[in-house]
Amino acid sequence: MELASTRLARLMCEQSFNPKDGSGKVVVSIYALKNLDVKQAFKKCEALTDLAVSPHFKIERRKDTVLVFMLSQATIGGILLRGGIPVTLKGCGVVQVKDGEALRFVEFLEYEGTTVEPDLIFMDLGLTAVNQMVSTGNGKIIASFLEVPVAARDAAEEALEMLTAQGFKCVIQLGEPNMPLLGMPVASEHIAIAITSEANPIAALVEDGATVKSKTYRILELNF
């Protein structure tokens, strides 16, 4: 079985998205869901794009299954990597939010330690409260934790600013050198970046009664 860290590292190298002009291929997470209809899925995903990696998504029906295509966090890692910035996708967790502000990771799984996608585990265990967060400002969302060297901070900030200009609103917080971020420690001479996960709209659908059948990845042109 392939470790999640190995899988994501491979995907980061395969994507080719250019944040300067919005061209190129991206890493897409494809969630297969049951117990919901296409209209319900579209409405929820459209409403929660600010909690995903990007505003881009696509929905297809395959018999009794709804496929939701979301840009993966691996696209962000790949953009930094192609910009010459050494980046590590450390892990994924559940972040507590109060009054609209992210407070801390209350659950966390490192990619080095699992072959299973952490977001699927969090959803299966019912650890999210995305709909509650949207309606009240208090809840729990899924977020990813990245690390880059302190020396690459300026370059990382520039790349993230270009992504923001492309409509990517996924950055929750950018940490300080050698300082914990949202309660998670960072490697020596590194800074941490917390970003919202593509899984948040999916988690909201699961909270509404949908079931996640599977999650796969594909490298696709950003034409949706």
# chains A, B, ... in the order shown; residues from 1 in each chain; ligands from 1
$ closest_atom_pairs --of "stretch 150-210 of chain A" --to "stretch 84-107 of chain A" --cutoff "12 Å" --atoms "only C-alpha atoms" --output "CSV"
residue,atom,partner,partner_atom,distance
A:Val150,CA,A:Pro86,CA,10.4
A:Ala151,CA,A:Ile85,CA,9.3
A:Ala152,CA,A:Ile85,CA,6.2
A:Arg153,CA,A:Ile85,CA,8.8
A:Asp154,CA,A:Ile85,CA,10.1
A:Ala155,CA,A:Ile85,CA,7.3
A:Ala156,CA,A:Ile85,CA,7.0
A:Glu157,CA,A:Ile85,CA,10.7
A:Glu158,CA,A:Ile85,CA,11.1
A:Ala159,CA,A:Ile85,CA,9.6
A:Leu160,CA,A:Ile85,CA,11.8
A:Val171,CA,A:Ala102,CA,11.2
A:Ile172,CA,A:Ala102,CA,7.5
A:Gln173,CA,A:Ala102,CA,8.6
A:Pro180,CA,A:Arg104,CA,10.2
A:Leu181,CA,A:Arg104,CA,7.9
A:Leu182,CA,A:Arg104,CA,4.1
A:Gly183,CA,A:Arg104,CA,5.3
A:Met184,CA,A:Phe105,CA,7.0
A:Pro185,CA,A:Lys90,CA,10.7
A:Val186,CA,A:Lys90,CA,9.4
A:Ala187,CA,A:Lys90,CA,10.0
A:His190,CA,A:Val87,CA,9.7
A:Ile191,CA,A:Val87,CA,10.1
A:Ala192,CA,A:Lys90,CA,9.3
A:Ile193,CA,A:Leu89,CA,9.6
A:Ala194,CA,A:Cys92,CA,9.3
A:Ile195,CA,A:Cys92,CA,9.6
A:Thr196,CA,A:Val95,CA,9.4
A:Ser197,CA,A:Cys92,CA,8.3
A:Glu198,CA,A:Cys92,CA,11.2
A:Ala199,CA,A:Cys92,CA,10.5
A:Asn200,CA,A:Val94,CA,10.2
A:Ala203,CA,A:Val94,CA,11.2
$ write_last_selection --atoms "N, CA and C atoms" --output "mmCIF file, in the first residue's frame"
data_model
loop_
_atom_site.group_PDB
_atom_site.id
_atom_site.type_symbol
_atom_site.label_atom_id
_atom_site.label_comp_id
_atom_site.auth_asym_id
_atom_site.auth_seq_id
_atom_site.Cartn_x
_atom_site.Cartn_y
_atom_site.Cartn_z
ATOM 1 N N VAL A 150 12.420 28.577 6.028
ATOM 2 C CA VAL A 150 12.347 30.008 6.349
ATOM 3 C C VAL A 150 12.907 30.840 5.195
ATOM 4 N N ALA A 151 13.995 30.358 4.587
ATOM 5 C CA ALA A 151 14.643 31.109 3.508
ATOM 6 C C ALA A 151 13.737 31.288 2.293
ATOM 7 N N ALA A 152 12.707 30.449 2.179
ATOM 8 C CA ALA A 152 11.815 30.517 1.021
ATOM 9 C C ALA A 152 10.514 31.254 1.334
ATOM 10 N N ARG A 153 10.449 31.924 2.478
ATOM 11 C CA ARG A 153 9.194 32.557 2.876
ATOM 12 C C ARG A 153 8.710 33.592 1.865
ATOM 13 N N ASP A 154 9.595 34.490 1.439
ATOM 14 C CA ASP A 154 9.181 35.544 0.508
ATOM 15 C C ASP A 154 8.657 34.946 -0.792
ATOM 16 N N ALA A 155 9.358 33.934 -1.298
ATOM 17 C CA ALA A 155 8.941 33.296 -2.546
ATOM 18 C C ALA A 155 7.596 32.595 -2.368
ATOM 19 N N ALA A 156 7.400 31.971 -1.206
ATOM 20 C CA ALA A 156 6.132 31.297 -0.930
ATOM 21 C C ALA A 156 4.994 32.305 -0.847
ATOM 22 N N GLU A 157 5.233 33.436 -0.185
ATOM 23 C CA GLU A 157 4.201 34.462 -0.080
ATOM 24 C C GLU A 157 3.830 35.000 -1.457
ATOM 25 N N GLU A 158 4.832 35.185 -2.322
ATOM 26 C CA GLU A 158 4.574 35.682 -3.676
ATOM 27 C C GLU A 158 3.708 34.691 -4.456
ATOM 28 N N ALA A 159 4.035 33.403 -4.348
ATOM 29 C CA ALA A 159 3.267 32.379 -5.048
ATOM 30 C C ALA A 159 1.823 32.324 -4.531
ATOM 31 N N LEU A 160 1.656 32.432 -3.219
ATOM 32 C CA LEU A 160 0.309 32.394 -2.639
ATOM 33 C C LEU A 160 -0.503 33.622 -3.036
ATOM 34 N N VAL A 171 -5.715 29.871 1.891
ATOM 35 C CA VAL A 171 -4.758 30.065 2.976
ATOM 36 C C VAL A 171 -5.474 30.532 4.244
ATOM 37 N N ILE A 172 -5.338 29.741 5.298
ATOM 38 C CA ILE A 172 -5.918 30.101 6.594
ATOM 39 C C ILE A 172 -4.948 30.987 7.360
ATOM 40 N N GLN A 173 -3.726 30.507 7.500
ATOM 41 C CA GLN A 173 -2.694 31.279 8.193
ATOM 42 C C GLN A 173 -1.318 30.905 7.659
ATOM 43 N N PRO A 180 4.979 27.308 16.294
ATOM 44 C CA PRO A 180 3.802 26.468 16.024
ATOM 45 C C PRO A 180 2.723 27.266 15.304
ATOM 46 N N LEU A 181 1.899 26.539 14.550
ATOM 47 C CA LEU A 181 0.779 27.163 13.856
ATOM 48 C C LEU A 181 -0.482 26.372 14.179
ATOM 49 N N LEU A 182 -1.469 27.073 14.706
ATOM 50 C CA LEU A 182 -2.725 26.432 15.121
ATOM 51 C C LEU A 182 -2.468 25.241 16.047
ATOM 52 N N GLY A 183 -1.457 25.424 16.901
ATOM 53 C CA GLY A 183 -1.143 24.405 17.896
ATOM 54 C C GLY A 183 -0.245 23.287 17.417
ATOM 55 N N MET A 184 0.148 23.298 16.139
ATOM 56 C CA MET A 184 1.000 22.242 15.594
ATOM 57 C C MET A 184 2.439 22.735 15.489
ATOM 58 N N PRO A 185 3.407 21.945 15.977
ATOM 59 C CA PRO A 185 4.810 22.347 15.876
ATOM 60 C C PRO A 185 5.295 22.313 14.441
ATOM 61 N N VAL A 186 6.346 23.072 14.164
ATOM 62 C CA VAL A 186 6.925 23.120 12.828
ATOM 63 C C VAL A 186 8.386 22.704 12.915
ATOM 64 N N ALA A 187 8.924 22.155 11.832
ATOM 65 C CA ALA A 187 10.315 21.720 11.798
ATOM 66 C C ALA A 187 11.248 22.915 11.967
ATOM 67 N N HIS A 190 11.888 26.263 9.602
ATOM 68 C CA HIS A 190 10.768 26.208 8.662
ATOM 69 C C HIS A 190 9.637 27.092 9.153
ATOM 70 N N ILE A 191 8.728 27.392 8.233
ATOM 71 C CA ILE A 191 7.467 28.035 8.601
ATOM 72 C C ILE A 191 6.336 27.127 8.137
ATOM 73 N N ALA A 192 5.196 27.243 8.772
ATOM 74 C CA ALA A 192 4.043 26.415 8.425
ATOM 75 C C ALA A 192 3.000 27.235 7.679
ATOM 76 N N ILE A 193 2.257 26.551 6.835
ATOM 77 C CA ILE A 193 1.140 27.147 6.116
ATOM 78 C C ILE A 193 -0.074 26.246 6.325
ATOM 79 N N ALA A 194 -1.154 26.816 6.793
ATOM 80 C CA ALA A 194 -2.402 26.061 6.945
ATOM 81 C C ALA A 194 -3.351 26.479 5.839
ATOM 82 N N ILE A 195 -3.897 25.503 5.119
ATOM 83 C CA ILE A 195 -4.826 25.802 4.032
ATOM 84 C C ILE A 195 -6.107 24.977 4.193
ATOM 85 N N THR A 196 -7.211 25.531 3.730
ATOM 86 C CA THR A 196 -8.463 24.791 3.771
ATOM 87 C C THR A 196 -8.392 23.614 2.804
ATOM 88 N N SER A 197 -9.067 22.540 3.155
ATOM 89 C CA SER A 197 -9.037 21.311 2.364
ATOM 90 C C SER A 197 -10.158 21.283 1.334
ATOM 91 N N GLU A 198 -9.877 20.601 0.223
ATOM 92 C CA GLU A 198 -10.919 20.367 -0.776
ATOM 93 C C GLU A 198 -12.060 19.516 -0.234
ATOM 94 N N ALA A 199 -11.825 18.894 0.917
ATOM 95 C CA ALA A 199 -12.826 17.990 1.488
ATOM 96 C C ALA A 199 -13.962 18.704 2.212
ATOM 97 N N ASN A 200 -13.845 19.986 2.477
ATOM 98 C CA ASN A 200 -14.871 20.647 3.292
ATOM 99 C C ASN A 200 -16.272 20.631 2.669
ATOM 100 N N ALA A 203 -17.441 17.140 3.221
ATOM 101 C CA ALA A 203 -17.796 16.906 4.619
ATOM 102 C C ALA A 203 -19.172 17.476 4.937
#
$ closest_atom_pairs --of "stretch 102-181 of chain A" --to "stretch 38-61 of chain A" --cutoff "10 Å" --atoms "only C-alpha atoms" --output "CSV"
residue,atom,partner,partner_atom,distance
A:Val130,CA,A:Leu51,CA,9.0
A:Asn131,CA,A:Leu48,CA,9.4
A:Val134,CA,A:Leu48,CA,8.5
A:Ile141,CA,A:Leu51,CA,8.2
A:Ile142,CA,A:Leu51,CA,8.8
A:Ala143,CA,A:Ala52,CA,9.2
A:Leu163,CA,A:Ser54,CA,9.0
A:Thr164,CA,A:Ser54,CA,9.2
A:Gln166,CA,A:Ser54,CA,8.7
A:Gly167,CA,A:Ser54,CA,6.5
A:Phe168,CA,A:Ser54,CA,4.5
A:Lys169,CA,A:Asp50,CA,5.9
A:Cys170,CA,A:Val53,CA,4.9
A:Val171,CA,A:Val53,CA,8.4
A:Ile172,CA,A:Leu51,CA,9.5
$ atom_distance --atom1 "atom CA of A:Ser135" --atom2 "atom CA of A:Val206"
16.2 Å
$ select_by_dssp --residues "stretch 16-129 of chain A" --states "alpha helix (DSSP H)" --output "list in words"
Val38, Lys39, Gln40, Ala41, Phe42, Lys43, Lys44, Cys45, Glu46, Ala47, Gln73, Ala74, Thr75, Ile76, Gly77, Gly78, Ile79, Leu80, Leu81, Arg82, Pro118, Asp119, Leu120, Ile121, Phe122, Met123 and Asp124 of chain A
$ select_by_dssp --residues "chain A" --states "strand (DSSP E)" --output "PyMOL selection string"
chain A and resi 25-34+57-62+65-71+88-98+101-110+139-149+171-174+190-196+211-221
$ closest_residue --among "A:Glu110, A:Gln132, A:Ser23, A:Pro118" --to "A:Asp208" --atoms "only C-alpha atoms"
A:Gln132
$ closest_residue --among "A:Leu205, A:Ile79, A:Val68, A:Ser188" --to "A:Ala129" --atoms "only C-alpha atoms"
A:Leu205
